[in-house]
>>> print(open('work.txt').read())   # compact mmCIF, C-alpha atoms
# COMPACT_ATOMS: atom_id res chain seq x y z
CA MET O 246 68.85 -27.91 22.79
CA PRO O 247 67.01 -24.57 23.01
CA LYS O 248 63.25 -24.72 22.98
CA LYS O 249 61.55 -23.46 19.85
CA PRO O 250 58.85 -20.86 20.30
CA LEU O 251 55.34 -22.18 19.91
CA LEU O 252 53.67 -21.21 16.64
CA LEU O 253 50.16 -21.67 18.08
CA LEU O 254 48.69 -20.48 21.36
CA PRO O 255 47.66 -23.09 23.87
CA ALA O 256 43.98 -23.99 23.54
CA SER O 257 43.01 -22.24 26.79
CA ARG O 258 44.67 -18.98 25.75
CA TYR O 259 43.07 -19.24 22.28
CA ARG O 260 39.58 -19.61 23.76
CA PHE O 261 40.19 -16.59 25.99
CA ALA O 262 41.39 -14.48 23.07
CA TYR O 263 38.39 -15.55 20.97
CA ARG O 264 35.93 -14.67 23.71
CA ARG O 265 37.58 -11.29 24.25
CA GLU O 266 37.33 -10.54 20.54
CA ALA O 267 33.69 -11.67 20.46
CA TRP O 268 32.81 -9.42 23.40
CA ALA O 269 34.60 -6.54 21.72
CA ASN O 270 32.47 -7.07 18.59
CA VAL O 271 29.30 -7.16 20.68
CA LEU O 272 30.27 -3.95 22.48
CA ARG O 273 31.06 -2.24 19.19
CA SER O 274 27.64 -3.30 17.78
CA VAL O 275 25.86 -2.05 20.89
CA ALA O 276 27.72 1.27 20.71
CA ILE O 277 26.82 1.71 17.03
CA ALA O 278 23.15 0.83 17.67
CA ALA O 279 23.03 3.26 20.61
CA GLY O 280 24.52 5.99 18.45
CA ILE O 281 21.96 5.42 15.71
CA PHE O 282 19.15 5.42 18.28
CA VAL O 283 20.32 8.74 19.72
CA VAL O 284 20.46 10.28 16.25
CA LEU O 285 16.95 9.03 15.39
CA VAL O 286 15.54 10.31 18.68
CA GLY O 287 17.11 13.66 18.02
CA LEU O 288 15.66 13.81 14.53
CA ALA O 289 12.23 12.75 15.79
CA ASP O 290 12.34 15.46 18.44
CA ILE O 291 13.31 18.10 15.90
CA THR O 292 10.60 16.88 13.50
CA SER O 293 7.91 16.89 16.19
CA ARG O 294 8.86 20.40 17.30
CA MET O 295 8.71 21.65 13.72
CA ALA O 296 5.34 19.92 13.11
CA GLN O 297 3.86 21.33 16.31
CA SER O 298 5.08 24.84 15.55
CA VAL O 299 3.49 24.71 12.09
CA LEU O 300 0.40 22.51 12.60
CA GLY O 301 -0.28 22.78 16.32
CA GLU O 302 -0.03 20.50 19.33
CA ASP O 303 -2.19 17.74 17.79
CA ALA O 304 -0.16 17.42 14.59
CA LEU O 305 1.47 14.10 15.45
CA PHE O 306 -1.76 12.47 16.63
CA ASP O 307 -3.55 13.46 13.45
CA ALA O 308 -0.67 12.28 11.27
CA PHE O 309 -0.12 8.84 12.81
CA ALA O 310 -3.42 7.86 14.45
CA PRO O 311 -5.41 5.13 12.67
CA ALA O 312 -8.24 6.42 10.53
CA ALA O 313 -10.93 5.28 12.96
CA ALA O 314 -9.33 7.26 15.78
CA LEU O 315 -8.91 10.56 13.98
CA ARG O 316 -10.97 13.32 15.50
CA PRO O 317 -13.38 15.37 13.40
CA VAL O 318 -11.78 18.48 11.94
CA ALA O 319 -13.27 21.42 10.13
CA VAL O 320 -13.14 20.87 6.36
CA PRO O 321 -11.45 23.83 4.64
CA LEU O 322 -13.63 25.29 1.91
CA PRO O 323 -12.50 26.92 -1.32
CA ALA O 324 -12.11 30.63 -0.71
CA ALA O 325 -12.81 33.22 -3.40
CA GLN O 326 -14.10 30.71 -5.96
CA ALA O 327 -16.82 29.46 -3.62
CA SER O 328 -18.59 32.83 -3.56
CA SER O 329 -19.14 32.89 -7.31
CA SER O 330 -22.71 32.25 -8.45
CA ALA O 331 -21.83 31.74 -12.13
CA ALA O 332 -22.94 28.41 -13.55
CA LEU O 333 -20.43 25.72 -14.39
CA VAL O 334 -20.24 22.36 -16.13
CA PRO O 335 -19.32 19.96 -13.32
CA THR O 336 -16.41 17.55 -13.63
CA ARG O 337 -15.86 16.82 -9.92
CA LEU O 338 -18.21 16.32 -6.97
CA LYS O 339 -17.04 16.10 -3.37
CA VAL O 340 -18.75 15.35 -0.07
CA PRO O 341 -15.91 15.87 2.46
CA SER O 342 -17.80 14.48 5.45
CA LEU O 343 -18.21 11.12 3.64
CA GLY O 344 -14.84 11.04 1.91
CA ILE O 345 -16.48 11.28 -1.54
CA ASP O 346 -14.28 12.76 -4.26
CA ALA O 347 -15.80 11.66 -7.54
CA GLN O 348 -15.33 12.31 -11.20
CA VAL O 349 -18.54 13.43 -12.88
CA GLU O 350 -19.98 11.88 -16.04
CA GLU O 351 -22.56 13.69 -18.14
CA ILE O 352 -25.66 11.52 -18.47
CA GLY O 353 -28.98 11.78 -20.30
CA HIS O 354 -32.03 9.57 -20.37
CA LYS O 355 -32.49 5.88 -21.09
CA ALA O 356 -34.72 4.44 -23.80
CA ASP O 357 -37.63 4.28 -21.36
CA GLY O 358 -37.22 7.97 -20.54
CA SER O 359 -35.75 7.43 -17.10
CA MET O 360 -32.57 9.11 -15.89
CA GLY O 361 -29.36 7.40 -16.96
CA THR O 362 -26.63 6.28 -14.58
CA PRO O 363 -22.85 6.66 -14.76
CA LYS O 364 -20.92 3.88 -16.48
CA ASP O 365 -18.27 3.79 -13.76
CA PHE O 366 -19.49 2.68 -10.31
CA MET O 367 -17.24 5.24 -8.61
CA HIS O 368 -18.34 8.19 -10.76
CA ALA O 369 -21.26 10.53 -10.17
CA GLY O 370 -23.63 11.21 -13.03
CA TRP O 371 -24.84 14.75 -13.85
CA TRP O 372 -28.21 15.11 -15.61
CA SER O 373 -26.95 17.26 -18.48
CA GLU O 374 -30.48 17.81 -19.81
CA GLY O 375 -31.28 19.83 -16.70
CA SER O 376 -29.72 22.80 -14.93
CA ARG O 377 -26.03 23.33 -14.38
CA PRO O 378 -24.77 24.04 -10.86
CA GLY O 379 -25.16 27.77 -10.27
CA GLU O 380 -28.15 28.12 -12.59
CA ALA O 381 -31.78 28.43 -11.53
CA GLY O 382 -33.43 25.13 -10.65
CA SER O 383 -31.98 21.74 -9.79
CA ALA O 384 -28.59 20.42 -10.83
CA VAL O 385 -29.30 16.70 -10.47
CA PHE O 386 -26.65 14.04 -9.83
CA ASP O 387 -27.06 10.32 -9.35
CA GLY O 388 -24.70 7.49 -8.48
CA HIS O 389 -24.66 3.79 -7.66
CA VAL O 390 -24.90 2.61 -4.05
CA ASN O 391 -23.56 -0.88 -4.96
CA ASN O 392 -24.25 -3.71 -7.36
CA ALA O 393 -26.44 -5.57 -4.83
CA LEU O 394 -23.53 -7.93 -4.19
CA THR O 395 -20.08 -6.89 -2.99
CA ARG O 396 -19.08 -4.04 -5.26
CA ALA O 397 -19.44 -0.60 -3.65
CA GLY O 398 -20.66 2.45 -5.50
CA VAL O 399 -19.75 6.13 -5.21
CA PHE O 400 -22.82 6.83 -3.03
CA GLU O 401 -22.48 3.74 -0.84
CA HIS O 402 -22.45 5.90 2.31
CA LEU O 403 -24.71 8.72 1.13
CA SER O 404 -27.36 7.66 3.68
CA GLN O 405 -24.94 8.82 6.41
CA ILE O 406 -24.99 12.44 5.23
CA SER O 407 -26.39 15.05 7.61
CA LYS O 408 -28.03 18.43 7.23
CA GLY O 409 -25.40 21.13 7.19
CA ASP O 410 -22.76 18.94 5.51
CA TYR O 411 -20.92 20.55 2.62
CA ILE O 412 -21.02 19.44 -1.01
CA THR O 413 -18.76 21.02 -3.61
CA VAL O 414 -18.84 20.85 -7.39
CA SER O 415 -15.98 21.97 -9.63
CA ASP O 416 -15.41 22.36 -13.35
CA ALA O 417 -12.37 21.45 -15.44
CA ALA O 418 -10.76 24.83 -14.73
CA GLY O 419 -11.04 24.33 -10.97
CA LYS O 420 -13.85 26.82 -10.42
CA THR O 421 -15.85 25.63 -7.40
CA LEU O 422 -19.32 26.13 -5.97
CA VAL O 423 -20.14 25.16 -2.38
CA TYR O 424 -23.51 23.88 -1.12
CA THR O 425 -24.86 22.81 2.25
CA VAL O 426 -27.29 19.94 2.74
CA SER O 427 -30.79 21.15 3.62
CA GLU O 428 -32.90 18.02 3.16
CA VAL O 429 -32.52 14.23 3.20
CA ALA O 430 -35.54 12.14 2.20
CA LEU O 431 -36.62 8.70 0.99
CA TYR O 432 -38.90 8.31 -2.04
CA ASP O 433 -40.84 5.27 -3.19
CA THR O 434 -39.89 4.22 -6.69
CA ASP O 435 -43.35 5.17 -7.97
CA ALA O 436 -43.45 8.58 -6.23
CA SER O 437 -43.51 11.73 -8.35
CA THR O 438 -40.08 13.31 -8.61
CA ALA O 439 -40.94 16.05 -11.10
CA SER O 440 -40.13 18.77 -8.57
CA LEU O 441 -36.61 17.41 -8.17
CA PHE O 442 -35.87 18.14 -11.82
CA SER O 443 -37.24 21.66 -11.88
CA LYS O 444 -35.34 24.15 -14.06
CA THR O 445 -36.80 27.17 -12.32
CA GLY O 446 -36.58 28.55 -8.79
CA PRO O 447 -33.54 28.85 -6.49
CA SER O 448 -30.34 27.11 -7.48
CA ARG O 449 -29.76 23.81 -5.68
CA LEU O 450 -28.06 20.42 -5.96
CA VAL O 451 -29.99 17.15 -5.87
CA LEU O 452 -28.18 13.85 -5.26
CA ILE O 453 -30.04 10.59 -5.88
CA THR O 454 -29.14 6.97 -5.19
CA CYS O 455 -30.83 3.66 -4.36
CA GLU O 456 -31.91 2.73 -0.84
CA GLY O 457 -34.15 0.24 0.94
CA GLU O 458 -34.60 -3.46 0.14
CA TRP O 459 -33.33 -5.24 -2.95
CA LEU O 460 -36.13 -6.46 -5.24
CA GLU O 461 -34.79 -9.50 -7.05
CA ASP O 462 -37.52 -9.61 -9.69
CA GLU O 463 -37.09 -5.95 -10.58
CA ARG O 464 -33.33 -5.97 -10.15
CA SER O 465 -33.56 -2.74 -8.19
CA TYR O 466 -34.05 -1.33 -4.69
CA ASP O 467 -37.50 -0.29 -3.47
CA LYS O 468 -36.53 3.24 -2.36
CA ARG O 469 -34.62 6.24 -3.61
CA LEU O 470 -32.51 8.37 -1.30
CA VAL O 471 -32.64 12.05 -2.20
CA VAL O 472 -30.29 14.71 -0.82
CA VAL O 473 -31.01 18.38 -1.49
CA ALA O 474 -28.39 21.09 -0.96
CA LYS O 475 -28.55 24.87 -1.22
CA PRO O 476 -25.76 27.33 -2.04
CA ALA O 477 -23.60 27.97 1.01
CA TYR O 478 -23.01 31.61 0.03
>>> encode(input="work.txt", output="structure tokens")
Amino acid sequence: MPKKPLLLLPASRYRFAYRREAWANVLRSVAIAAGIFVVLVGLADITSRMAQSVLGEDALFDAFAPAAALRPVAVPLPAAQASSSAALVPTRLKVPSLGIDAQVEEIGHKADGSMGTPKDFMHAGWWSEGSRPGEAGSAVFDGHVNNALTRAGVFEHLSQISKGDYITVSDAAGKTLVYTVSEVALYDTDASTASLFSKTGPSRLVLITCEGEWLEDERSYDKRLVVVAKPAY
């Protein structure tokens, strides 16, 4: 009687065929991964060459380095608008060296006659009863340093400002005036500050915030940090 052909492979041949198929799948996966890697490397190389040609040799470092490792760079200033001496109603205040980019609230005085403060902790307040930026005298701004607990204010790092740093103020139309810091000082809370609110004399900016030690009974700090800036142009 003739032998019938086997419908199934012997176990040994089946294991060999399975292993061969498995290795083929692995090799195909490796080949696909290698192809993708080559394409990505090529794209990265093209991207880096384009970035370097446009932004310079340090473009990739500046783009991907952690914030703490970024090197200081010159802050670009507004061009034609910055040379204008016309007064404006400020809606934005920036201190590039400190990363401050704040909306401006118009403020007046409190019931006790003292200068008001902005409602939002991250806004700067402009003393609207005084001079506007670009006019004679002082355009005065204040802002919170913190809430004496954990909440930071817009001027939390104002004490780190240095002479020569730039401050810009802009209005709703985007018109911008540029100032440079000329003075940084600490005032006692009972010191006379009348000169800071002068509406005559050269145009200048005055930034004010709290500094020093927290006085629990008075719910305030014992010093005031004052930054004065003059027109850069």
>>> atom_distance(input="work.txt", atom1="atom CA of Gly379 of chain O", atom2="atom CA of Gly344 of chain O")
23.1 Å
>>> closest_residue(input="work.txt", among="O:Val471, O:Thr336, O:Glu350, O:Thr434", to="Glu458 of chain O", atoms="all atoms listed in the file")
O:Thr434
>>> axis_aligned_box(input="work.txt", around="segment 426-436 of chain O", padding_each_side="4 Å", output="AutoDock Vina command-line options")
--center_x -35.4 --center_y 12.7 --center_z -2.2 --size_x 24.2 --size_y 24.9 --size_z 19.6
>>> residues_around(input="work.txt", residues="Leu450 of chain O", least_positions_apart="2", cutoff="6 Å", atoms="all atoms listed in the file", output="ChimeraX atom specification")
/O:383-385,473-474
>>> residues_near_point(input="work.txt", point="(-28.2, 24.6, -5.5)", cutoff="10 Å", atoms="all atoms listed in the file", output="mmCIF file with C-alpha atoms, in the coordinates of the input")
data_model
loop_
_atom_site.group_PDB
_atom_site.id
_atom_site.type_symbol
_atom_site.label_atom_id
_atom_site.label_comp_id
_atom_site.auth_asym_id
_atom_site.auth_seq_id
_atom_site.Cartn_x
_atom_site.Cartn_y
_atom_site.Cartn_z
ATOM 1 C CA SER O 330 -22.710 32.250 -8.450
ATOM 2 C CA SER O 376 -29.720 22.800 -14.930
ATOM 3 C CA ARG O 377 -26.030 23.330 -14.380
ATOM 4 C CA PRO O 378 -24.770 24.040 -10.860
ATOM 5 C CA GLY O 379 -25.160 27.770 -10.270
ATOM 6 C CA GLU O 380 -28.150 28.120 -12.590
ATOM 7 C CA ALA O 381 -31.780 28.430 -11.530
ATOM 8 C CA GLY O 382 -33.430 25.130 -10.650
ATOM 9 C CA SER O 383 -31.980 21.740 -9.790
ATOM 10 C CA ALA O 384 -28.590 20.420 -10.830
ATOM 11 C CA VAL O 385 -29.300 16.700 -10.470
ATOM 12 C CA ILE O 412 -21.020 19.440 -1.010
ATOM 13 C CA LEU O 422 -19.320 26.130 -5.970
ATOM 14 C CA VAL O 423 -20.140 25.160 -2.380
ATOM 15 C CA TYR O 424 -23.510 23.880 -1.120
ATOM 16 C CA THR O 425 -24.860 22.810 2.250
ATOM 17 C CA VAL O 426 -27.290 19.940 2.740
ATOM 18 C CA GLY O 446 -36.580 28.550 -8.790
ATOM 19 C CA PRO O 447 -33.540 28.850 -6.490
ATOM 20 C CA SER O 448 -30.340 27.110 -7.480
ATOM 21 C CA ARG O 449 -29.760 23.810 -5.680
ATOM 22 C CA LEU O 450 -28.060 20.420 -5.960
ATOM 23 C CA VAL O 451 -29.990 17.150 -5.870
ATOM 24 C CA VAL O 473 -31.010 18.380 -1.490
ATOM 25 C CA ALA O 474 -28.390 21.090 -0.960
ATOM 26 C CA LYS O 475 -28.550 24.870 -1.220
ATOM 27 C CA PRO O 476 -25.760 27.330 -2.040
ATOM 28 C CA ALA O 477 -23.600 27.970 1.010
#
>>> residues_around(input="work.txt", residues="Thr413 of chain O", least_positions_apart="2", cutoff="9 Å", atoms="all atoms listed in the file", output="list in words")
Leu322, Pro323, Ala327, Arg337, Leu338, Lys339, Val340, Pro341, Tyr411, Ser415, Thr421, Leu422, Val423, Tyr424 and Thr425 of chain O
>>> closest_residue(input="work.txt", among="O:Ala436, O:Ile352, O:Ile345, O:Val334", to="Met367 of chain O", atoms="all atoms listed in the file")
O:Ile345
>>> closest_residue(input="work.txt", among="O:Asp435, O:Glu456, O:Asp346, O:Asp365", to="Gln405 of chain O", atoms="all atoms listed in the file")
O:Glu456
>>> closest_residue(input="work.txt", among="O:Gly409, O:Ala439, O:Ala418, O:Pro335", to="Met360 of chain O", atoms="only C-alpha atoms")
O:Ala439
>>> atom_distance(input="work.txt", atom1="atom CA of Tyr466 of chain O", atom2="atom CA of Val429 of chain O")
17.5 Å
>>> atom_distance(input="work.txt", atom1="atom CA of Glu428 of chain O", atom2="atom CA of Lys408 of chain O")
6.4 Å
>>> closest_residue(input="work.txt", among="O:Leu333, O:Ala356, O:Ile453, O:Leu343", to="Arg469 of chain O", atoms="only C-alpha atoms")
O:Ile453
>>> closest_residue(input="work.txt", among="O:His389, O:Lys420, O:Lys444, O:Arg396", to="Leu470 of chain O", atoms="only C-alpha atoms")
O:His389
